[in-house]
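Undergrad: One file is attached below, my_file13.cif, containing mmCIF, N, CA and C atoms.
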```cif
data_work
#
loop_
_atom_site.label_atom_id
_atom_site.label_comp_id
_atom_site.auth_asym_id
_atom_site.auth_seq_id
_atom_site.Cartn_x
_atom_site.Cartn_y
_atom_site.Cartn_z
N LEU A 1 -44.68 75.97 -93.94
CA LEU A 1 -45.93 76.69 -94.01
C LEU A 1 -45.85 77.91 -93.11
N PRO A 2 -46.41 79.00 -93.54
CA PRO A 2 -46.39 80.22 -92.71
C PRO A 2 -47.13 80.01 -91.39
N GLY A 3 -46.52 80.46 -90.30
CA GLY A 3 -47.12 80.35 -88.98
C GLY A 3 -46.85 79.03 -88.29
N MET A 4 -46.16 78.14 -88.95
CA MET A 4 -45.89 76.82 -88.37
C MET A 4 -44.43 76.65 -88.00
N GLU A 5 -43.68 77.73 -87.99
CA GLU A 5 -42.24 77.63 -87.75
C GLU A 5 -41.90 77.09 -86.36
N ASN A 6 -42.64 77.46 -85.34
CA ASN A 6 -42.35 77.07 -83.96
C ASN A 6 -43.29 75.97 -83.45
N LEU A 7 -43.90 75.24 -84.34
CA LEU A 7 -44.85 74.21 -83.93
C LEU A 7 -44.16 73.18 -83.03
N GLY A 8 -44.60 73.10 -81.80
CA GLY A 8 -44.05 72.13 -80.86
C GLY A 8 -42.85 72.62 -80.08
N ALA A 9 -42.28 73.77 -80.43
CA ALA A 9 -41.09 74.26 -79.74
C ALA A 9 -41.38 74.62 -78.29
N ASP A 10 -42.57 75.08 -78.01
CA ASP A 10 -42.90 75.48 -76.65
C ASP A 10 -43.89 74.50 -75.99
N ALA A 11 -44.00 73.31 -76.54
CA ALA A 11 -44.95 72.33 -76.02
C ALA A 11 -44.48 71.76 -74.68
N GLU A 12 -45.42 71.51 -73.80
CA GLU A 12 -45.13 70.87 -72.53
C GLU A 12 -45.71 69.46 -72.55
N ILE A 13 -44.88 68.50 -72.17
CA ILE A 13 -45.35 67.12 -72.13
C ILE A 13 -45.95 66.88 -70.76
N MET A 14 -47.21 66.49 -70.72
CA MET A 14 -47.93 66.32 -69.46
C MET A 14 -47.91 64.88 -68.96
N GLY A 15 -47.69 63.95 -69.80
CA GLY A 15 -47.74 62.55 -69.41
C GLY A 15 -47.70 61.69 -70.64
N GLY A 16 -48.05 60.47 -70.48
CA GLY A 16 -48.04 59.57 -71.62
C GLY A 16 -48.62 58.23 -71.20
N ILE A 17 -48.45 57.29 -72.04
CA ILE A 17 -48.94 55.94 -71.75
C ILE A 17 -47.91 55.25 -70.88
N GLU A 18 -48.35 54.78 -69.74
CA GLU A 18 -47.47 54.03 -68.84
C GLU A 18 -47.83 52.56 -68.92
N GLU A 19 -46.80 51.74 -69.11
CA GLU A 19 -47.00 50.31 -69.23
C GLU A 19 -46.80 49.65 -67.87
N ASN A 20 -47.74 48.78 -67.51
CA ASN A 20 -47.60 48.05 -66.25
C ASN A 20 -46.46 47.04 -66.37
N SER A 21 -45.68 46.90 -65.30
CA SER A 21 -44.58 45.94 -65.33
C SER A 21 -44.75 44.83 -64.29
N GLU A 22 -45.80 44.93 -63.48
CA GLU A 22 -46.05 43.93 -62.45
C GLU A 22 -47.51 43.50 -62.48
N ILE A 23 -47.75 42.30 -62.02
CA ILE A 23 -49.12 41.79 -61.95
C ILE A 23 -49.83 42.46 -60.77
N PRO A 24 -51.02 43.03 -61.00
CA PRO A 24 -51.75 43.68 -59.91
C PRO A 24 -52.16 42.67 -58.83
N ASP A 25 -52.19 43.14 -57.59
CA ASP A 25 -52.62 42.29 -56.48
C ASP A 25 -54.05 41.82 -56.70
N GLY A 26 -54.30 40.58 -56.39
CA GLY A 26 -55.66 40.04 -56.48
C GLY A 26 -56.05 39.51 -57.84
N MET A 27 -55.19 39.66 -58.86
CA MET A 27 -55.55 39.15 -60.18
C MET A 27 -55.48 37.62 -60.16
N GLU A 28 -56.52 36.99 -60.68
CA GLU A 28 -56.58 35.53 -60.70
C GLU A 28 -56.26 35.01 -62.09
N PHE A 29 -55.56 33.89 -62.12
CA PHE A 29 -55.21 33.24 -63.37
C PHE A 29 -55.88 31.88 -63.39
N VAL A 30 -57.04 31.83 -64.03
CA VAL A 30 -57.86 30.63 -64.07
C VAL A 30 -57.92 30.15 -65.52
N MET A 31 -57.55 28.89 -65.72
CA MET A 31 -57.55 28.30 -67.06
C MET A 31 -58.98 28.14 -67.56
N SER A 32 -59.19 28.40 -68.85
CA SER A 32 -60.51 28.16 -69.44
C SER A 32 -60.68 26.66 -69.68
N SER A 33 -61.92 26.22 -69.86
CA SER A 33 -62.18 24.79 -70.01
C SER A 33 -61.57 24.23 -71.30
N VAL A 34 -61.47 25.06 -72.32
CA VAL A 34 -60.85 24.65 -73.59
C VAL A 34 -59.71 25.62 -73.89
N PRO A 35 -58.47 25.14 -73.92
CA PRO A 35 -57.34 26.05 -74.18
C PRO A 35 -57.35 26.58 -75.61
N ASP A 36 -56.77 27.76 -75.79
CA ASP A 36 -56.65 28.35 -77.13
C ASP A 36 -55.54 27.69 -77.93
N GLY A 37 -54.63 27.01 -77.25
CA GLY A 37 -53.55 26.32 -77.92
C GLY A 37 -52.91 25.31 -76.99
N GLU A 38 -52.26 24.31 -77.58
CA GLU A 38 -51.54 23.31 -76.80
C GLU A 38 -50.14 23.18 -77.37
N VAL A 39 -49.15 23.12 -76.47
CA VAL A 39 -47.75 23.07 -76.88
C VAL A 39 -47.07 21.96 -76.08
N GLU A 40 -46.19 21.22 -76.76
CA GLU A 40 -45.41 20.18 -76.09
C GLU A 40 -43.94 20.52 -76.18
N MET A 41 -43.18 20.16 -75.15
CA MET A 41 -41.74 20.39 -75.15
C MET A 41 -41.04 19.25 -74.43
N ASP A 42 -39.77 19.05 -74.76
CA ASP A 42 -38.95 18.04 -74.11
C ASP A 42 -37.85 18.74 -73.32
N VAL A 43 -37.53 18.18 -72.15
CA VAL A 43 -36.48 18.77 -71.33
C VAL A 43 -35.75 17.64 -70.60
N ALA A 44 -34.44 17.74 -70.54
CA ALA A 44 -33.65 16.75 -69.79
C ALA A 44 -33.75 17.08 -68.31
N SER A 45 -34.05 16.08 -67.50
CA SER A 45 -34.27 16.31 -66.07
C SER A 45 -33.02 16.80 -65.35
N ASN A 46 -31.84 16.43 -65.85
CA ASN A 46 -30.61 16.84 -65.17
C ASN A 46 -29.99 18.10 -65.77
N SER A 47 -30.73 18.78 -66.64
CA SER A 47 -30.22 20.01 -67.26
C SER A 47 -30.69 21.23 -66.47
N LYS A 48 -30.30 22.40 -66.95
CA LYS A 48 -30.76 23.66 -66.33
C LYS A 48 -32.18 23.99 -66.75
N GLY A 49 -32.74 23.19 -67.64
CA GLY A 49 -34.10 23.42 -68.10
C GLY A 49 -34.13 23.68 -69.58
N ALA A 50 -35.32 23.93 -70.08
CA ALA A 50 -35.52 24.21 -71.50
C ALA A 50 -36.40 25.43 -71.66
N ASP A 51 -36.14 26.18 -72.73
CA ASP A 51 -36.93 27.37 -73.05
C ASP A 51 -37.77 27.12 -74.28
N LEU A 52 -38.91 27.77 -74.32
CA LEU A 52 -39.81 27.68 -75.45
C LEU A 52 -40.28 29.10 -75.75
N LEU A 53 -40.16 29.54 -77.00
CA LEU A 53 -40.63 30.86 -77.39
C LEU A 53 -42.05 30.71 -77.93
N LEU A 54 -42.99 31.29 -77.21
CA LEU A 54 -44.40 31.19 -77.57
C LEU A 54 -44.82 32.50 -78.24
N SER A 55 -45.30 32.41 -79.46
CA SER A 55 -45.73 33.57 -80.22
C SER A 55 -47.25 33.67 -80.13
N VAL A 56 -47.74 34.74 -79.47
CA VAL A 56 -49.17 34.90 -79.22
C VAL A 56 -49.72 35.99 -80.14
N LYS A 57 -50.67 35.61 -80.99
CA LYS A 57 -51.27 36.59 -81.91
C LYS A 57 -52.21 37.50 -81.15
N PRO A 58 -52.18 38.80 -81.44
CA PRO A 58 -53.09 39.73 -80.76
C PRO A 58 -54.54 39.50 -81.19
N VAL A 59 -55.46 39.64 -80.25
CA VAL A 59 -56.86 39.37 -80.52
C VAL A 59 -57.76 40.59 -80.30
N CYS A 60 -57.24 41.66 -79.72
CA CYS A 60 -58.06 42.82 -79.38
C CYS A 60 -58.03 43.88 -80.48
N MET A 61 -59.04 44.72 -80.50
CA MET A 61 -59.15 45.77 -81.52
C MET A 61 -58.12 46.88 -81.32
N GLY A 62 -57.65 47.07 -80.10
CA GLY A 62 -56.67 48.11 -79.81
C GLY A 62 -55.50 47.54 -79.04
N PHE A 63 -54.53 48.38 -78.76
CA PHE A 63 -53.40 47.95 -77.94
C PHE A 63 -53.93 47.60 -76.55
N GLU A 64 -53.40 46.54 -75.96
CA GLU A 64 -53.95 46.01 -74.71
C GLU A 64 -52.85 45.59 -73.76
N ASP A 65 -52.96 46.03 -72.50
CA ASP A 65 -52.04 45.52 -71.48
C ASP A 65 -52.37 44.06 -71.22
N TYR A 66 -51.34 43.26 -70.97
CA TYR A 66 -51.56 41.85 -70.65
C TYR A 66 -50.76 41.49 -69.41
N PHE A 67 -51.21 40.44 -68.74
CA PHE A 67 -50.54 39.88 -67.57
C PHE A 67 -50.53 38.37 -67.75
N ALA A 68 -49.34 37.76 -67.67
CA ALA A 68 -49.22 36.32 -67.94
C ALA A 68 -48.67 35.60 -66.71
N ALA A 69 -49.27 34.45 -66.41
CA ALA A 69 -48.80 33.61 -65.31
C ALA A 69 -49.41 32.22 -65.50
N PHE A 70 -48.83 31.27 -64.79
CA PHE A 70 -49.36 29.91 -64.82
C PHE A 70 -50.43 29.78 -63.74
N ALA A 71 -51.48 29.04 -64.07
CA ALA A 71 -52.56 28.79 -63.11
C ALA A 71 -52.01 28.02 -61.92
N SER A 72 -52.70 28.11 -60.79
CA SER A 72 -52.22 27.51 -59.55
C SER A 72 -52.12 25.99 -59.63
N ASP A 73 -52.86 25.35 -60.54
CA ASP A 73 -52.79 23.89 -60.65
C ASP A 73 -51.65 23.43 -61.58
N SER A 74 -50.82 24.35 -62.04
CA SER A 74 -49.70 24.00 -62.92
C SER A 74 -48.53 23.45 -62.12
N HIS A 75 -47.68 22.67 -62.78
CA HIS A 75 -46.47 22.14 -62.14
C HIS A 75 -45.54 23.32 -61.81
N PRO A 76 -44.90 23.31 -60.64
CA PRO A 76 -44.08 24.46 -60.22
C PRO A 76 -42.80 24.66 -61.04
N SER A 77 -42.46 23.76 -61.94
CA SER A 77 -41.24 23.92 -62.73
C SER A 77 -41.40 24.92 -63.86
N PHE A 78 -42.62 25.40 -64.12
CA PHE A 78 -42.87 26.33 -65.21
C PHE A 78 -42.78 27.78 -64.77
N SER A 79 -42.26 28.62 -65.67
CA SER A 79 -42.27 30.07 -65.47
C SER A 79 -42.42 30.74 -66.83
N VAL A 80 -42.86 31.99 -66.83
CA VAL A 80 -43.04 32.74 -68.07
C VAL A 80 -42.43 34.13 -67.91
N SER A 81 -41.92 34.66 -69.02
CA SER A 81 -41.31 35.99 -69.01
C SER A 81 -41.57 36.63 -70.37
N PRO A 82 -41.93 37.90 -70.43
CA PRO A 82 -42.27 38.79 -69.33
C PRO A 82 -43.66 38.50 -68.78
N VAL A 83 -43.89 38.89 -67.54
CA VAL A 83 -45.18 38.63 -66.91
C VAL A 83 -46.20 39.73 -67.22
N ALA A 84 -45.74 40.85 -67.74
CA ALA A 84 -46.64 41.95 -68.07
C ALA A 84 -46.07 42.71 -69.27
N GLY A 85 -46.97 43.31 -70.02
CA GLY A 85 -46.54 44.09 -71.18
C GLY A 85 -47.74 44.62 -71.93
N ARG A 86 -47.49 45.07 -73.15
CA ARG A 86 -48.56 45.60 -73.99
C ARG A 86 -48.62 44.79 -75.28
N MET A 87 -49.80 44.27 -75.57
CA MET A 87 -50.02 43.47 -76.77
C MET A 87 -50.47 44.40 -77.89
N ASP A 88 -50.01 44.12 -79.09
CA ASP A 88 -50.38 44.89 -80.27
C ASP A 88 -51.86 44.67 -80.58
N ARG A 89 -52.41 45.48 -81.47
CA ARG A 89 -53.81 45.29 -81.86
C ARG A 89 -53.93 44.18 -82.90
N ARG A 90 -55.14 43.72 -83.10
CA ARG A 90 -55.41 42.61 -84.01
C ARG A 90 -54.79 42.89 -85.38
N GLY A 91 -54.09 41.87 -85.90
CA GLY A 91 -53.43 42.01 -87.18
C GLY A 91 -52.00 42.54 -87.06
N GLY A 92 -51.60 42.95 -85.85
CA GLY A 92 -50.27 43.50 -85.63
C GLY A 92 -49.26 42.42 -85.28
N GLU A 93 -48.13 42.85 -84.76
CA GLU A 93 -47.05 41.94 -84.41
C GLU A 93 -47.46 41.03 -83.24
N PRO A 94 -47.11 39.75 -83.31
CA PRO A 94 -47.40 38.85 -82.18
C PRO A 94 -46.53 39.18 -80.96
N THR A 95 -47.03 38.83 -79.81
CA THR A 95 -46.28 39.01 -78.56
C THR A 95 -45.47 37.75 -78.30
N GLU A 96 -44.19 37.91 -78.02
CA GLU A 96 -43.30 36.78 -77.77
C GLU A 96 -43.16 36.57 -76.26
N LEU A 97 -43.52 35.39 -75.79
CA LEU A 97 -43.38 35.03 -74.39
C LEU A 97 -42.40 33.87 -74.28
N GLU A 98 -41.50 33.95 -73.32
CA GLU A 98 -40.54 32.88 -73.10
C GLU A 98 -41.04 32.01 -71.96
N VAL A 99 -41.34 30.75 -72.28
CA VAL A 99 -41.79 29.78 -71.29
C VAL A 99 -40.59 28.92 -70.93
N LYS A 100 -40.35 28.77 -69.64
CA LYS A 100 -39.20 27.99 -69.17
C LYS A 100 -39.71 26.85 -68.30
N CYS A 101 -39.09 25.68 -68.47
CA CYS A 101 -39.38 24.54 -67.61
C CYS A 101 -38.06 24.08 -67.00
N GLU A 102 -37.98 24.12 -65.68
CA GLU A 102 -36.80 23.71 -64.93
C GLU A 102 -37.19 22.57 -63.99
N PRO A 103 -37.01 21.31 -64.43
CA PRO A 103 -37.48 20.17 -63.64
C PRO A 103 -36.65 19.86 -62.39
N GLN A 104 -35.46 20.41 -62.27
CA GLN A 104 -34.60 20.24 -61.10
C GLN A 104 -34.40 18.77 -60.73
N GLY A 105 -34.06 17.96 -61.75
CA GLY A 105 -33.73 16.56 -61.51
C GLY A 105 -34.91 15.60 -61.52
N LYS A 106 -36.12 16.11 -61.64
CA LYS A 106 -37.30 15.24 -61.63
C LYS A 106 -37.68 14.84 -63.05
N ALA A 107 -38.06 13.59 -63.21
CA ALA A 107 -38.49 13.08 -64.51
C ALA A 107 -39.99 12.86 -64.50
N GLY A 108 -40.59 12.90 -65.68
CA GLY A 108 -42.02 12.67 -65.80
C GLY A 108 -42.66 13.61 -66.80
N THR A 109 -43.96 13.65 -66.78
CA THR A 109 -44.72 14.56 -67.64
C THR A 109 -45.32 15.65 -66.78
N PHE A 110 -44.98 16.89 -67.09
CA PHE A 110 -45.45 18.04 -66.32
C PHE A 110 -46.41 18.86 -67.19
N VAL A 111 -47.48 19.33 -66.57
CA VAL A 111 -48.46 20.13 -67.28
C VAL A 111 -48.53 21.51 -66.65
N GLY A 112 -48.47 22.52 -67.50
CA GLY A 112 -48.60 23.90 -67.06
C GLY A 112 -49.71 24.58 -67.84
N ASN A 113 -50.57 25.30 -67.16
CA ASN A 113 -51.67 26.03 -67.80
C ASN A 113 -51.36 27.52 -67.77
N LEU A 114 -50.91 28.03 -68.92
CA LEU A 114 -50.54 29.44 -69.04
C LEU A 114 -51.77 30.27 -69.34
N VAL A 115 -52.00 31.30 -68.52
CA VAL A 115 -53.14 32.19 -68.70
C VAL A 115 -52.61 33.59 -68.95
N ILE A 116 -53.07 34.20 -70.04
CA ILE A 116 -52.71 35.58 -70.37
C ILE A 116 -53.97 36.41 -70.21
N ASN A 117 -54.02 37.18 -69.13
CA ASN A 117 -55.19 38.01 -68.85
C ASN A 117 -55.11 39.32 -69.63
N LEU A 118 -56.24 39.72 -70.22
CA LEU A 118 -56.38 40.99 -70.91
C LEU A 118 -57.49 41.76 -70.19
N PRO A 119 -57.16 42.43 -69.09
CA PRO A 119 -58.20 43.00 -68.22
C PRO A 119 -59.06 44.10 -68.87
N GLU A 120 -58.50 44.91 -69.75
CA GLU A 120 -59.29 45.98 -70.36
C GLU A 120 -60.34 45.43 -71.30
N ASP A 121 -60.06 44.28 -71.90
CA ASP A 121 -60.97 43.63 -72.83
C ASP A 121 -61.83 42.59 -72.11
N ASN A 122 -61.54 42.36 -70.83
CA ASN A 122 -62.25 41.36 -70.02
C ASN A 122 -62.20 39.98 -70.68
N SER A 123 -61.00 39.61 -71.13
CA SER A 123 -60.83 38.31 -71.77
C SER A 123 -59.49 37.71 -71.39
N LYS A 124 -59.23 36.50 -71.88
CA LYS A 124 -57.97 35.84 -71.60
C LYS A 124 -57.63 34.89 -72.73
N ILE A 125 -56.34 34.57 -72.83
CA ILE A 125 -55.83 33.60 -73.80
C ILE A 125 -55.15 32.51 -72.98
N CYS A 126 -55.45 31.26 -73.26
CA CYS A 126 -54.92 30.16 -72.45
C CYS A 126 -54.19 29.14 -73.31
N TYR A 127 -53.08 28.65 -72.78
CA TYR A 127 -52.30 27.61 -73.43
C TYR A 127 -52.03 26.49 -72.45
N LYS A 128 -52.19 25.25 -72.92
CA LYS A 128 -51.81 24.08 -72.13
C LYS A 128 -50.43 23.67 -72.61
N ILE A 129 -49.46 23.67 -71.70
CA ILE A 129 -48.09 23.33 -72.06
C ILE A 129 -47.71 22.04 -71.34
N THR A 130 -47.30 21.04 -72.11
CA THR A 130 -46.91 19.75 -71.57
C THR A 130 -45.43 19.55 -71.80
N ALA A 131 -44.69 19.35 -70.72
CA ALA A 131 -43.26 19.11 -70.79
C ALA A 131 -42.98 17.67 -70.40
N THR A 132 -42.20 17.00 -71.23
CA THR A 132 -41.77 15.63 -70.92
C THR A 132 -40.32 15.72 -70.47
N SER A 133 -40.11 15.38 -69.20
CA SER A 133 -38.76 15.42 -68.61
C SER A 133 -38.23 13.99 -68.56
N PHE A 134 -37.03 13.81 -69.10
CA PHE A 134 -36.46 12.45 -69.18
C PHE A 134 -35.07 12.42 -68.58
#
```
Mind converting the file's structure to structure tokens?

TA:
Amino acid sequence: LPGMENLGADAEIMGGIEENSEIPDGMEFVMSSVPDGEVEMDVASNSKGADLLLSVKPVCMGFEDYFAAFASDSHPSFSVSPVAGRMDRRGGEPTELEVKCEPQGKAGTFVGNLVINLPEDNSKICYKITATSF
């Protein structure tokens, strides 16, 4: 099109969307009274642990930063990765979180309450994860 030959050639980029990679100080991870989902897993107590890929469907109208961690009343053998990222908008691709349980030689039933905070939407998604270590 005439007059559009240099479109963007002299553009200056001023900034962009920055994604948080760490959990902000003071953020609380409190489990809701009724979890959004419940997951069970098995892990050998004498192994290096077990991984579980949790697929979380987006619930917000727009793209949303999220922060994931286990509530303080969870068993210490649980961890989640990544702890922060950007969730797609409703109807988009699910967010994949890797939940790990490392029982370090202990046997029994361990419960972890995973809380995914969505601070811009002032909401959260919660999962109760039960690991049976044998």

Undergrad: Do a neighbour search on range 80-97 of chain A at 8 Å with all atoms listed in the file, toss out local chain neighbours closer than 2 positions, and write the hits as a list of chain:residue names.

TA: A:Glu19, A:Asn20, A:Ser21, A:Glu22, A:Ile23, A:Leu52, A:Leu53, A:Leu54, A:Ser55, A:Val56, A:Lys57, A:Pro58, A:Val59, A:Cys60, A:Met61, A:Gly62, A:Phe63, A:Glu64, A:Asp65, A:Tyr66, A:Phe67, A:Ala68, A:Ala69, A:Phe70, A:Ser77, A:Phe78, A:Val99, A:Lys100, A:Cys101

Undergrad: Could you list, as a PyMOL selection string, every residue matched by the PyMOL selection byres (((chain A and resi 123-134 and name CA) around 8) and name CA) in this structure?

TA: chain A and resi 31-32+35-45+101+103+106-122

Undergrad: Quick one: pull the distance between CA of Ser74 in chain A and CA of Phe29 in chain A, Å, one decimal.

TA: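 CA of Ser74 in chain A sits 10.8 Å away from CA of Phe29 in chain A.
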
Undergrad: What residues in chain A get the DSSP label strand (DSSP E)? Please answer as an NGL selection string.

TA: :A and (37-43 or 50-56 or 64-70 or 78-81 or 84-87 or 95-101 or 108-118 or 123-133)

Undergrad: Do you have the CA of Met27 in chain A-CA of His75 in chain A distance handy?

TA: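 Atom-to-atom, CA of Met27 in chain A and CA of His75 in chain A are spaced 19.4 Å apart.
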
Undergrad: Report, in Å with one decimal, the straight-line distance from CA of Asp73 in chain A to CA of Ser47 in chain A.

TA: 23.8 Å
